[in-house]
>>> print(open('coords_5.txt').read())   # compact mmCIF, C-alpha atoms
# COMPACT_ATOMS: atom_id res chain seq x y z
CA MET A 284 0.00 0.00 0.00
CA THR A 285 1.41 3.37 -1.00
CA GLY A 286 0.81 6.84 0.30
CA PRO A 287 1.49 8.39 3.73
CA ARG A 288 -1.12 6.28 5.53
CA GLY A 289 0.15 3.04 4.10
CA TRP A 290 3.75 4.05 4.84
CA LEU A 291 2.90 4.69 8.52
CA ARG A 292 1.01 1.41 8.84
CA GLN A 293 2.68 -0.90 11.35
CA PRO A 294 4.06 -3.87 9.38
CA ALA A 295 5.28 -7.03 11.02
CA ALA A 296 9.01 -6.92 11.65
CA THR A 297 11.15 -9.06 9.37
CA ARG A 298 14.86 -9.35 8.74
CA SER A 299 14.62 -6.82 5.90
CA ASN A 300 12.55 -4.08 7.60
CA ALA A 301 13.59 -4.45 11.25
CA LEU A 302 14.54 -1.15 12.84
CA HIS A 303 18.23 -0.37 13.11
CA ALA A 304 19.53 -1.15 16.61
CA GLY A 305 21.37 2.18 16.78
CA ALA A 306 18.09 4.06 16.38
CA TRP A 307 16.72 2.46 19.53
CA TRP A 308 19.81 3.45 21.50
CA LEU A 309 19.73 7.03 20.23
CA TRP A 310 16.03 7.26 21.12
CA ALA A 311 16.67 5.92 24.61
CA LEU A 312 19.68 8.18 25.16
CA GLY A 313 17.49 11.14 24.16
CA LEU A 314 14.98 10.20 26.85
CA ALA A 315 17.81 9.74 29.36
CA THR A 316 19.22 13.17 28.49
CA ALA A 317 15.78 14.67 29.06
CA ALA A 318 15.57 12.91 32.44
CA SER A 319 18.92 14.35 33.47
CA ARG A 320 17.63 17.90 32.94
CA THR A 321 14.69 17.75 35.33
CA SER A 322 13.91 16.74 38.90
CA ASN A 323 10.15 17.19 38.54
CA PRO A 324 8.73 13.83 39.65
CA LEU A 325 5.71 14.16 37.35
CA LEU A 326 7.89 14.61 34.26
CA LEU A 327 10.18 11.77 35.36
CA LEU A 328 7.23 9.43 35.84
CA LEU A 329 5.93 10.48 32.43
CA LEU A 330 9.30 9.57 30.88
CA VAL A 331 9.16 6.17 32.58
CA ALA A 332 5.62 5.64 31.25
CA VAL A 333 6.66 6.59 27.70
CA ALA A 334 9.65 4.24 27.73
CA GLY A 335 7.59 1.44 29.28
CA TYR A 336 4.78 1.74 26.74
CA VAL A 337 7.15 1.65 23.76
CA VAL A 338 8.90 -1.39 25.22
CA ALA A 339 5.55 -3.12 25.86
CA VAL A 340 4.35 -2.75 22.26
CA ARG A 341 7.64 -3.07 20.36
CA ARG A 342 9.87 -5.56 22.14
CA THR A 343 10.29 -9.08 20.81
CA ASP A 344 10.47 -12.46 22.53
CA ALA A 345 14.27 -12.53 22.38
CA PRO A 346 16.22 -13.17 25.61
CA TRP A 347 17.57 -9.61 25.82
CA ALA A 348 14.02 -8.23 25.68
CA ARG A 349 13.20 -9.92 28.99
CA SER A 350 15.76 -7.85 30.89
CA TYR A 351 13.51 -4.77 31.07
CA GLY A 352 11.83 -6.02 34.24
CA ALA A 353 15.25 -6.42 35.86
CA PHE A 354 16.08 -2.78 35.07
CA LEU A 355 12.76 -1.70 36.62
CA LYS A 356 13.58 -3.60 39.79
CA LEU A 357 17.07 -2.10 39.80
CA GLY A 358 15.58 1.37 39.49
CA LEU A 359 13.27 0.71 42.43
CA LEU A 360 16.24 -0.54 44.44
CA VAL A 361 18.23 2.61 43.66
CA LEU A 362 15.27 4.79 44.64
CA THR A 363 14.83 2.90 47.92
CA LEU A 364 18.52 3.05 48.80
CA ARG A 365 18.64 6.78 48.07
CA VAL A 366 15.77 7.44 50.48
CA VAL A 367 17.18 5.11 53.15
CA PHE A 368 20.60 6.82 53.02
CA ALA A 369 18.95 10.23 53.28
CA VAL A 370 17.00 9.11 56.34
CA LEU A 371 19.95 7.46 58.09
CA LEU A 372 22.80 9.79 57.12
CA GLY A 373 20.89 13.06 56.78
CA SER A 374 21.02 15.62 54.02
CA PRO A 375 22.27 19.22 53.70
CA ILE A 376 18.77 20.30 52.60
CA PRO A 377 17.29 22.55 55.29
CA GLY A 378 13.73 22.11 56.43
CA THR A 379 11.23 22.78 59.21
CA HIS A 380 8.81 19.85 58.85
CA VAL A 381 10.17 17.12 61.14
CA LEU A 382 8.60 13.75 60.39
CA PHE A 383 10.24 11.72 63.16
CA ARG A 384 13.50 11.43 65.08
CA LEU A 385 15.97 8.56 65.03
CA PRO A 386 18.46 7.84 67.81
CA GLU A 387 21.57 9.81 66.89
CA VAL A 388 24.93 8.09 67.13
CA PRO A 389 27.79 10.40 68.20
CA LEU A 390 30.65 10.47 65.71
CA PRO A 391 34.29 11.57 66.20
CA HIS A 392 35.41 15.10 65.43
CA TRP A 393 37.04 14.11 62.13
CA ALA A 394 33.59 13.12 60.81
CA GLN A 395 32.16 16.61 61.10
CA GLY A 396 29.36 17.27 58.62
CA VAL A 397 28.21 13.65 58.73
CA ARG A 398 25.55 12.42 61.10
CA LEU A 399 24.02 9.05 61.81
CA GLY A 400 20.40 9.27 62.92
CA GLY A 401 18.76 12.40 64.27
CA PRO A 402 15.72 14.30 63.03
CA VAL A 403 14.26 13.35 59.65
CA ARG A 404 12.65 16.24 57.82
CA ALA A 405 10.09 16.08 55.03
CA GLU A 406 12.15 18.33 52.76
CA GLN A 407 15.09 15.94 52.95
CA VAL A 408 12.93 12.93 52.11
CA VAL A 409 11.28 14.70 49.18
CA PHE A 410 14.66 15.78 47.79
CA ALA A 411 15.95 12.21 48.11
CA LEU A 412 12.83 10.87 46.36
CA CYS A 413 13.25 13.25 43.42
CA ASP A 414 16.98 12.59 43.16
CA GLY A 415 16.52 8.81 43.36
CA LEU A 416 13.69 8.94 40.83
CA LYS A 417 16.00 10.71 38.38
CA LEU A 418 18.60 7.95 38.71
CA ALA A 419 15.91 5.29 38.39
CA THR A 420 14.58 6.94 35.22
CA LEU A 421 18.05 6.88 33.67
CA LEU A 422 18.27 3.16 34.39
CA VAL A 423 14.82 2.57 32.91
CA CYS A 424 15.84 4.37 29.69
CA VAL A 425 18.96 2.24 29.39
CA GLY A 426 16.86 -0.84 30.07
CA ALA A 427 14.46 0.17 27.30
CA ALA A 428 17.32 0.35 24.80
CA ASN A 429 18.67 -2.98 26.01
CA ALA A 430 15.23 -4.59 25.58
CA LEU A 431 14.53 -3.17 22.12
CA ALA A 432 17.91 -3.24 20.34
CA ASN A 433 19.47 -6.45 19.11
CA PRO A 434 23.05 -6.35 20.49
CA ALA A 435 24.45 -8.58 17.75
CA ARG A 436 23.02 -6.34 15.02
CA LEU A 437 24.30 -3.27 16.84
CA LEU A 438 27.79 -4.77 16.76
CA LYS A 439 27.63 -4.98 12.95
CA SER A 440 27.15 -1.21 12.72
CA LEU A 441 30.26 -0.27 14.70
CA PRO A 442 33.32 1.08 12.89
CA ALA A 443 35.90 -1.55 12.09
CA ALA A 444 38.43 0.07 14.44
CA LEU A 445 36.05 -0.49 17.39
CA TYR A 446 35.13 -4.05 16.52
CA GLU A 447 37.15 -5.76 19.27
CA ALA A 448 35.95 -3.32 21.92
CA GLY A 449 32.41 -3.60 20.57
CA VAL A 450 32.44 -7.38 20.92
CA ALA A 451 33.45 -7.04 24.58
CA VAL A 452 30.65 -4.53 25.19
CA VAL A 453 28.06 -6.70 23.44
CA VAL A 454 29.11 -9.76 25.44
CA ALA A 455 28.77 -7.74 28.64
CA MET A 456 25.37 -6.41 27.55
CA THR A 457 23.99 -9.87 26.75
CA PHE A 458 25.22 -11.39 30.01
CA ALA A 459 22.38 -10.00 32.15
CA PRO A 460 19.55 -10.87 29.69
CA ASN A 461 20.82 -14.43 29.28
CA LEU A 462 21.14 -14.72 33.04
CA VAL A 463 17.54 -13.57 33.50
CA ALA A 464 16.35 -16.02 30.83
CA ASP A 465 18.16 -18.90 32.56
CA VAL A 466 16.63 -18.02 35.93
CA GLN A 467 13.14 -17.84 34.42
CA ARG A 468 13.61 -21.17 32.62
CA LEU A 469 14.84 -22.96 35.75
CA ARG A 470 12.10 -21.49 37.93
CA ALA A 471 9.49 -22.64 35.40
CA ALA A 472 11.03 -26.12 35.41
CA ARG A 473 10.86 -26.24 39.23
CA ARG A 474 7.22 -25.20 39.19
CA MET A 475 6.40 -27.93 36.68
CA ARG A 476 8.00 -30.49 39.02
CA GLY A 477 6.02 -29.22 42.01
CA ARG A 478 9.01 -27.63 43.74
CA ALA A 479 9.18 -24.21 45.32
CA ASP A 480 10.68 -21.49 43.11
CA ARG A 481 10.90 -18.77 45.75
CA GLY A 482 12.85 -18.41 48.93
CA PHE A 483 16.49 -18.64 49.92
CA LYS A 484 16.74 -22.41 49.49
CA ALA A 485 15.23 -22.29 46.01
CA LEU A 486 17.60 -19.45 45.11
CA LEU A 487 20.60 -21.58 46.05
CA GLN A 488 19.31 -24.55 44.06
CA VAL A 489 18.71 -22.36 41.00
CA GLY A 490 21.99 -20.45 41.29
CA LEU A 491 24.29 -23.42 40.66
CA PRO A 492 22.74 -24.44 37.30
CA VAL A 493 22.70 -20.79 36.24
CA LEU A 494 26.41 -20.46 37.04
CA GLU A 495 27.15 -23.72 35.21
CA GLY A 496 25.27 -22.50 32.13
CA ALA A 497 27.14 -19.18 32.19
CA LEU A 498 30.49 -20.99 32.28
CA GLU A 499 29.48 -23.28 29.41
CA ARG A 500 28.40 -20.29 27.31
CA SER A 501 31.69 -18.51 28.00
CA VAL A 502 33.72 -21.53 26.87
CA ALA A 503 31.58 -21.96 23.75
CA LEU A 504 31.85 -18.24 22.98
CA ALA A 505 35.64 -18.30 23.34
CA ALA A 506 35.88 -21.24 20.96
CA ALA A 507 33.57 -19.59 18.42
CA MET A 508 35.53 -16.31 18.57
CA ASP A 509 38.81 -18.13 18.05
CA ALA A 510 37.37 -20.10 15.11
CA ARG A 511 36.22 -16.89 13.46
CA GLY A 512 39.59 -15.20 13.79
CA TYR A 513 38.70 -12.69 16.49
CA GLY A 514 41.55 -10.31 17.25
CA ARG A 515 43.52 -10.98 14.07
CA THR A 516 44.54 -7.82 12.24
CA ALA A 517 46.13 -6.92 8.95
CA GLU A 518 49.67 -5.64 8.60
CA VAL A 519 49.73 -1.84 8.97
CA PRO A 520 52.89 0.30 8.77
CA PRO A 521 54.07 1.71 12.13
CA ARG A 522 53.69 5.27 10.88
CA VAL A 523 49.99 4.68 10.15
CA ARG A 524 49.47 3.13 13.59
CA ARG A 525 51.07 6.11 15.33
CA LEU A 526 49.04 8.55 13.25
CA THR A 527 45.85 6.63 14.04
CA ALA A 528 46.56 6.70 17.78
CA ALA A 529 47.40 10.42 17.71
CA LEU A 530 44.26 11.34 15.76
CA THR A 531 41.96 9.22 17.92
CA LEU A 532 43.40 10.34 21.25
CA GLY A 533 43.65 13.98 20.19
CA GLY A 534 40.14 13.90 18.79
CA LEU A 535 38.68 12.49 21.99
CA LEU A 536 40.51 15.12 24.05
CA GLY A 537 39.12 17.79 21.71
CA VAL A 538 35.61 16.42 22.15
CA CYS A 539 35.98 16.57 25.94
CA ALA A 540 37.40 20.12 25.86
CA GLY A 541 34.72 21.32 23.42
CA THR A 542 31.91 19.79 25.46
CA TYR A 543 33.27 21.44 28.61
CA GLY A 544 33.45 24.75 26.81
CA LEU A 545 29.81 24.47 25.74
CA LEU A 546 28.60 23.52 29.22
CA ALA A 547 30.72 25.99 31.19
CA ALA A 548 29.62 29.53 31.92
CA GLN A 549 32.64 30.89 30.04
CA GLY A 550 34.34 29.57 26.95
CA ALA A 551 31.31 28.92 24.77
CA GLY A 552 33.01 30.83 21.95
CA PHE A 553 35.77 28.25 21.47
CA GLY A 554 33.71 25.26 22.65
CA LEU A 555 31.91 24.56 19.37
CA PRO A 556 34.98 24.87 17.06
CA VAL A 557 37.06 22.63 19.35
CA LEU A 558 34.22 20.12 19.49
CA VAL A 559 33.90 20.01 15.69
CA LEU A 560 37.66 19.65 15.18
CA GLY A 561 37.80 16.93 17.84
CA LEU A 562 35.01 14.98 16.18
CA ALA A 563 36.70 15.29 12.77
CA ALA A 564 40.03 14.07 14.17
CA ALA A 565 38.41 11.17 16.03
CA LEU A 566 36.49 10.07 12.92
CA ALA A 567 39.66 10.25 10.85
CA GLY A 568 41.46 8.10 13.41
CA LEU A 569 38.65 5.55 13.38
CA TRP A 570 38.72 5.44 9.60
CA LEU A 571 42.47 4.83 9.55
CA GLY A 572 42.15 2.27 12.34
CA GLY A 573 39.56 0.40 10.32
CA ARG A 574 42.28 -0.51 7.79
CA ARG A 575 43.66 -2.96 10.35
CA SER A 576 40.45 -4.97 10.30
CA VAL A 577 40.32 -7.93 7.91
CA ARG A 578 36.65 -8.73 8.42
CA THR A 579 33.76 -8.11 6.05
CA ARG A 580 30.11 -7.30 6.76
CA TYR A 581 27.48 -9.82 5.76
CA ARG A 582 24.04 -8.34 5.03
CA PRO A 583 24.65 -4.94 6.69
CA ASP A 584 21.69 -3.17 8.31
CA HIS A 585 20.36 -0.12 6.53
CA TRP A 586 19.35 3.12 8.21
CA GLY A 587 15.91 3.81 6.79
CA ALA A 588 13.26 6.48 7.19
CA ARG A 589 11.73 4.77 10.23
CA ALA A 590 15.11 4.78 11.99
CA TRP A 591 15.41 8.51 11.31
CA LEU A 592 11.96 9.13 12.79
CA VAL A 593 12.70 7.09 15.92
CA THR A 594 16.01 8.89 16.40
CA ALA A 595 14.42 12.28 15.78
CA SER A 596 11.78 11.63 18.43
CA GLY A 597 14.42 10.99 21.11
CA VAL A 598 16.55 13.95 20.00
CA ALA A 599 13.47 16.21 19.99
CA VAL A 600 12.55 15.20 23.55
CA ALA A 601 16.10 15.90 24.74
CA ALA A 602 16.38 19.25 22.93
CA LEU A 603 13.01 20.52 24.12
CA LEU A 604 13.66 19.51 27.73
CA ILE A 605 17.08 21.20 27.64
CA HIS A 606 15.41 24.37 26.35
CA ALA A 607 12.69 24.10 28.99
CA ALA A 608 15.28 23.70 31.76
CA ALA A 609 16.87 26.98 30.65
CA SER A 610 13.65 28.92 30.07
CA GLU A 611 11.52 27.52 32.93
CA PRO A 612 13.95 26.30 35.61
CA ALA A 613 11.39 26.48 38.43
CA ALA A 614 8.99 24.17 36.57
CA LEU A 615 11.53 21.51 35.63
CA ASN A 616 13.51 21.67 38.88
CA PRO A 617 10.99 22.72 41.54
CA PRO A 618 12.54 23.68 44.88
CA VAL A 619 11.79 21.56 47.92
CA VAL A 620 12.13 24.52 50.28
CA PRO A 621 9.48 25.68 50.89
CA LEU A 622 7.73 22.35 50.59
CA SER A 623 5.01 22.35 47.92
CA ALA A 624 3.27 19.92 45.58
CA PRO A 625 4.88 19.60 42.11
CA THR A 626 2.98 20.82 39.08
CA LEU A 627 3.05 19.39 35.57
CA PRO A 628 4.28 21.95 33.01
CA LEU A 629 2.16 21.56 29.92
CA TRP A 630 4.47 22.07 26.96
CA PRO A 631 7.42 20.11 28.47
CA ALA A 632 4.97 17.26 29.14
CA ALA A 633 3.79 17.45 25.52
CA ALA A 634 7.45 17.34 24.44
CA VAL A 635 7.96 14.15 26.44
CA LEU A 636 5.00 12.57 24.65
CA LEU A 637 6.93 12.90 21.39
CA GLY A 638 8.89 9.90 22.62
CA LEU A 639 5.85 7.74 21.85
CA LEU A 640 6.49 8.05 18.12
CA PRO A 641 8.39 4.71 17.91
CA ALA A 642 5.22 2.94 19.06
CA VAL A 643 3.61 4.12 15.79
CA VAL A 644 6.36 4.05 13.16
CA ALA A 645 8.51 1.10 14.27
CA PRO A 646 7.62 -2.32 12.80
CA ALA A 647 5.46 -4.46 15.06
CA PRO A 648 7.30 -7.41 16.59
CA ARG A 649 6.50 -10.87 15.34
CA ARG A 650 5.60 -13.06 18.31
CA ASP A 651 5.13 -16.80 18.02
CA PRO A 652 2.34 -17.98 20.37
CA ARG A 653 3.55 -21.56 20.21
CA PRO A 654 6.08 -22.77 22.78
CA ASP A 655 9.48 -23.70 21.53
CA SER A 656 10.71 -27.21 21.11
CA LYS A 657 12.19 -27.37 24.59
CA GLY A 658 8.95 -26.34 26.30
CA ALA A 659 10.54 -23.29 27.87
CA GLU A 660 8.82 -19.93 28.09
CA ARG A 661 9.46 -17.71 25.15
>>> encode(input="coords_5.txt", output="structure tokens")
Amino acid sequence: MTGPRGWLRQPAATRSNALHAGAWWLWALGLATAASRTSNPLLLLLLVAVAGYVVAVRRTDAPWARSYGAFLKLGLLVLTLRVVFAVLLGSPIPGTHVLFRLPEVPLPHWAQGVRLGGPVRAEQVVFALCDGLKLATLLVCVGAANALANPARLLKSLPAALYEAGVAVVVAMTFAPNLVADVQRLRAARRMRGRADRGFKALLQVGLPVLEGALERSVALAAAMDARGYGRTAEVPPRVRRLTAALTLGGLLGVCAGTYGLLAAQGAGFGLPVLVLGLAAALAGLWLGGRRSVRTRYRPDHWGARAWLVTASGVAVAALLIHAAASEPAALNPPVVPLSAPTLPLWPAAAVLLGLLPAVVAPAPRRDPRPDSKGAER
């Protein structure tokens, strides 16, 4: 079907039209950047809802897609620990609303400025909640990218000079999803046999097979990497290697200096030129470093119009929230002193809703309702 309506129709995802994995990461990083610019709990919860909805309607049945729940639990753990530390260790935030008092433990003179126990004020708890919610939202955004993007396909899109480092990152990224899948499979097997799948004893009985499976995968992965020639490089003259290292290192230093110049109160005039020169030098170093790689790409992924739309939605959310933080700082970062209920700014909230665009333009996942041959949960 042709025309704009047919183009925006949600087709079933196949190998040929699946969304580029880099687009999912850029979309998620855009949401994470927006979360880093606000401490308004209503906007942060809205970002979590947007990421969660897109994951719910666009993730597949692959093992890495099951890790999103683990990131949600990790975010809740971070939020809880942040509040507990604020209650036990105190906070520099002043306040007048005392909720309760804990027994205070006297500390030596060298620990001045740190307390253990004492009065717990509402302003301190609210500040800890907002700060912990921001960290949890960042984790949720990273979890959304991890659940939506295929790590193996993302590896294919890396520059040749970063291939070895990219393999290490992809292996690390797939460790947690595979671990979660193993735990779910073993717990389902225990339930089918009428055994308990919860509790400390069940955790110990599940942990040993999970560890054994992880070790077997690592040995198989090492053998497969060696068989495919991982780490073997072509002969490159020493002068080219030194030039590549100088360009890459100098470019990265230029990127850091240019970014600092843009973010600092002074130095914005030279920040952008240094950033551009640093990026150019780093890209040139990566291009020269790619000459050492002897691998080829089989069926490379293409960056299509849908990938551009998904990326643009995340970039738009980040850019609009950055602008809102500069133009309406009180709305995006409401003060906790004096204590007041947060309000939802309308146009920044509408900007966050732009992150829902991938739920419309990305291809729908193809889910198989039948169980696999091993009887495990898909």
>>> atom_distance(input="coords_5.txt", atom1="atom CA of Thr626 of chain A", atom2="atom CA of Pro324 of chain A")
9.1 Å
>>> atom_distance(input="coords_5.txt", atom1="atom CA of Leu486 of chain A", atom2="atom CA of Phe354 of chain A")
19.5 Å
>>> atom_distance(input="coords_5.txt", atom1="atom CA of Gly490 of chain A", atom2="atom CA of Ala432 of chain A")
27.4 Å
>>> residues_near_point(input="coords_5.txt", point="(21.3, 11.8, 61.3)", cutoff="6 Å", atoms="only C-alpha atoms", output="MDAnalysis selection string")
chainID A and resid 371:373 387 398:401
>>> residues_near_point(input="coords_5.txt", point="(14.8, 20.3, 29.2)", cutoff="10 Å", atoms="all atoms listed in the file", output="short mmCIF file (atom, residue, chain, number, x, y, z; two decimals) with C-alpha atoms, keeping the file's coordinate frame")
data_model
loop_
_atom_site.label_atom_id
_atom_site.label_comp_id
_atom_site.auth_asym_id
_atom_site.auth_seq_id
_atom_site.Cartn_x
_atom_site.Cartn_y
_atom_site.Cartn_z
CA THR A 316 19.22 13.17 28.49
CA ALA A 317 15.78 14.67 29.06
CA ALA A 318 15.57 12.91 32.44
CA SER A 319 18.92 14.35 33.47
CA ARG A 320 17.63 17.90 32.94
CA THR A 321 14.69 17.75 35.33
CA VAL A 600 12.55 15.20 23.55
CA ALA A 601 16.10 15.90 24.74
CA ALA A 602 16.38 19.25 22.93
CA LEU A 603 13.01 20.52 24.12
CA LEU A 604 13.66 19.51 27.73
CA ILE A 605 17.08 21.20 27.64
CA HIS A 606 15.41 24.37 26.35
CA ALA A 607 12.69 24.10 28.99
CA ALA A 608 15.28 23.70 31.76
CA ALA A 609 16.87 26.98 30.65
CA SER A 610 13.65 28.92 30.07
CA GLU A 611 11.52 27.52 32.93
CA PRO A 612 13.95 26.30 35.61
CA LEU A 615 11.53 21.51 35.63
CA ASN A 616 13.51 21.67 38.88
CA PRO A 631 7.42 20.11 28.47
CA ALA A 634 7.45 17.34 24.44
CA VAL A 635 7.96 14.15 26.44
#
>>> closest_residue(input="coords_5.txt", among="A:Gly638, A:Gly482, A:Pro625, A:Gly568", to="Ser596 of chain A", atoms="only C-alpha atoms")
A:Gly638
>>> closest_residue(input="coords_5.txt", among="A:Val502, A:Leu416, A:Ala464, A:Leu314", to="Leu636 of chain A", atoms="all atoms listed in the file")
A:Leu314
>>> decode(input="coords_5.txt", residues="segment 420-429 of chain A", atoms="all heavy atoms", output="PDB file, in the first residue's frame")
ATOM      1  N   THR A 420      15.049   6.691  36.583  1.00  0.00           N
ATOM      2  CA  THR A 420      14.582   6.944  35.216  1.00  0.00           C
ATOM      3  C   THR A 420      15.708   6.731  34.212  1.00  0.00           C
ATOM      4  O   THR A 420      15.482   6.190  33.118  1.00  0.00           O
ATOM      5  CB  THR A 420      14.033   8.369  35.102  1.00  0.00           C
ATOM      6  OG1 THR A 420      13.021   8.570  36.095  1.00  0.00           O
ATOM      7  CG2 THR A 420      13.442   8.625  33.732  1.00  0.00           C
ATOM      8  N   LEU A 421      16.914   7.130  34.560  1.00  0.00           N
ATOM      9  CA  LEU A 421      18.049   6.877  33.673  1.00  0.00           C
ATOM     10  C   LEU A 421      18.257   5.377  33.457  1.00  0.00           C
ATOM     11  O   LEU A 421      18.515   4.916  32.335  1.00  0.00           O
ATOM     12  CB  LEU A 421      19.311   7.509  34.255  1.00  0.00           C
ATOM     13  CG  LEU A 421      19.338   9.039  34.336  1.00  0.00           C
ATOM     14  CD1 LEU A 421      20.605   9.506  35.038  1.00  0.00           C
ATOM     15  CD2 LEU A 421      19.254   9.659  32.960  1.00  0.00           C
ATOM     16  N   LEU A 422      18.130   4.604  34.523  1.00  0.00           N
ATOM     17  CA  LEU A 422      18.271   3.158  34.392  1.00  0.00           C
ATOM     18  C   LEU A 422      17.153   2.558  33.536  1.00  0.00           C
ATOM     19  O   LEU A 422      17.394   1.642  32.737  1.00  0.00           O
ATOM     20  CB  LEU A 422      18.275   2.508  35.780  1.00  0.00           C
ATOM     21  CG  LEU A 422      19.523   2.728  36.632  1.00  0.00           C
ATOM     22  CD1 LEU A 422      19.319   2.165  38.028  1.00  0.00           C
ATOM     23  CD2 LEU A 422      20.736   2.075  35.979  1.00  0.00           C
ATOM     24  N   VAL A 423      15.938   3.071  33.695  1.00  0.00           N
ATOM     25  CA  VAL A 423      14.823   2.571  32.907  1.00  0.00           C
ATOM     26  C   VAL A 423      15.041   2.864  31.420  1.00  0.00           C
ATOM     27  O   VAL A 423      14.747   2.022  30.554  1.00  0.00           O
ATOM     28  CB  VAL A 423      13.508   3.183  33.405  1.00  0.00           C
ATOM     29  CG1 VAL A 423      12.365   2.907  32.437  1.00  0.00           C
ATOM     30  CG2 VAL A 423      13.156   2.620  34.780  1.00  0.00           C
ATOM     31  N   CYS A 424      15.569   4.036  31.101  1.00  0.00           N
ATOM     32  CA  CYS A 424      15.840   4.369  29.692  1.00  0.00           C
ATOM     33  C   CYS A 424      16.899   3.445  29.097  1.00  0.00           C
ATOM     34  O   CYS A 424      16.767   2.971  27.961  1.00  0.00           O
ATOM     35  CB  CYS A 424      16.268   5.828  29.580  1.00  0.00           C
ATOM     36  SG  CYS A 424      14.976   7.028  29.996  1.00  0.00           S
ATOM     37  N   VAL A 425      17.947   3.177  29.865  1.00  0.00           N
ATOM     38  CA  VAL A 425      18.965   2.240  29.389  1.00  0.00           C
ATOM     39  C   VAL A 425      18.375   0.843  29.241  1.00  0.00           C
ATOM     40  O   VAL A 425      18.675   0.112  28.278  1.00  0.00           O
ATOM     41  CB  VAL A 425      20.172   2.239  30.349  1.00  0.00           C
ATOM     42  CG1 VAL A 425      21.177   1.161  29.957  1.00  0.00           C
ATOM     43  CG2 VAL A 425      20.844   3.606  30.342  1.00  0.00           C
ATOM     44  N   GLY A 426      17.517   0.453  30.182  1.00  0.00           N
ATOM     45  CA  GLY A 426      16.862  -0.840  30.073  1.00  0.00           C
ATOM     46  C   GLY A 426      15.959  -0.936  28.857  1.00  0.00           C
ATOM     47  O   GLY A 426      15.848  -2.005  28.243  1.00  0.00           O
ATOM     48  N   ALA A 427      15.306   0.173  28.497  1.00  0.00           N
ATOM     49  CA  ALA A 427      14.460   0.173  27.298  1.00  0.00           C
ATOM     50  C   ALA A 427      15.298  -0.069  26.045  1.00  0.00           C
ATOM     51  O   ALA A 427      14.905  -0.845  25.157  1.00  0.00           O
ATOM     52  CB  ALA A 427      13.710   1.500  27.198  1.00  0.00           C
ATOM     53  N   ALA A 428      16.449   0.583  25.947  1.00  0.00           N
ATOM     54  CA  ALA A 428      17.323   0.352  24.795  1.00  0.00           C
ATOM     55  C   ALA A 428      17.833  -1.086  24.772  1.00  0.00           C
ATOM     56  O   ALA A 428      17.916  -1.713  23.707  1.00  0.00           O
ATOM     57  CB  ALA A 428      18.495   1.333  24.827  1.00  0.00           C
ATOM     58  N   ASN A 429      18.166  -1.617  25.938  1.00  0.00           N
ATOM     59  CA  ASN A 429      18.667  -2.979  26.008  1.00  0.00           C
ATOM     60  C   ASN A 429      17.599  -4.002  25.628  1.00  0.00           C
ATOM     61  O   ASN A 429      17.910  -5.074  25.106  1.00  0.00           O
ATOM     62  CB  ASN A 429      19.170  -3.270  27.418  1.00  0.00           C
ATOM     63  CG  ASN A 429      20.113  -4.447  27.466  1.00  0.00           C
ATOM     64  OD1 ASN A 429      21.123  -4.473  26.774  1.00  0.00           O
ATOM     65  ND2 ASN A 429      19.774  -5.428  28.268  1.00  0.00           N
TER      66      ASN A 429
END
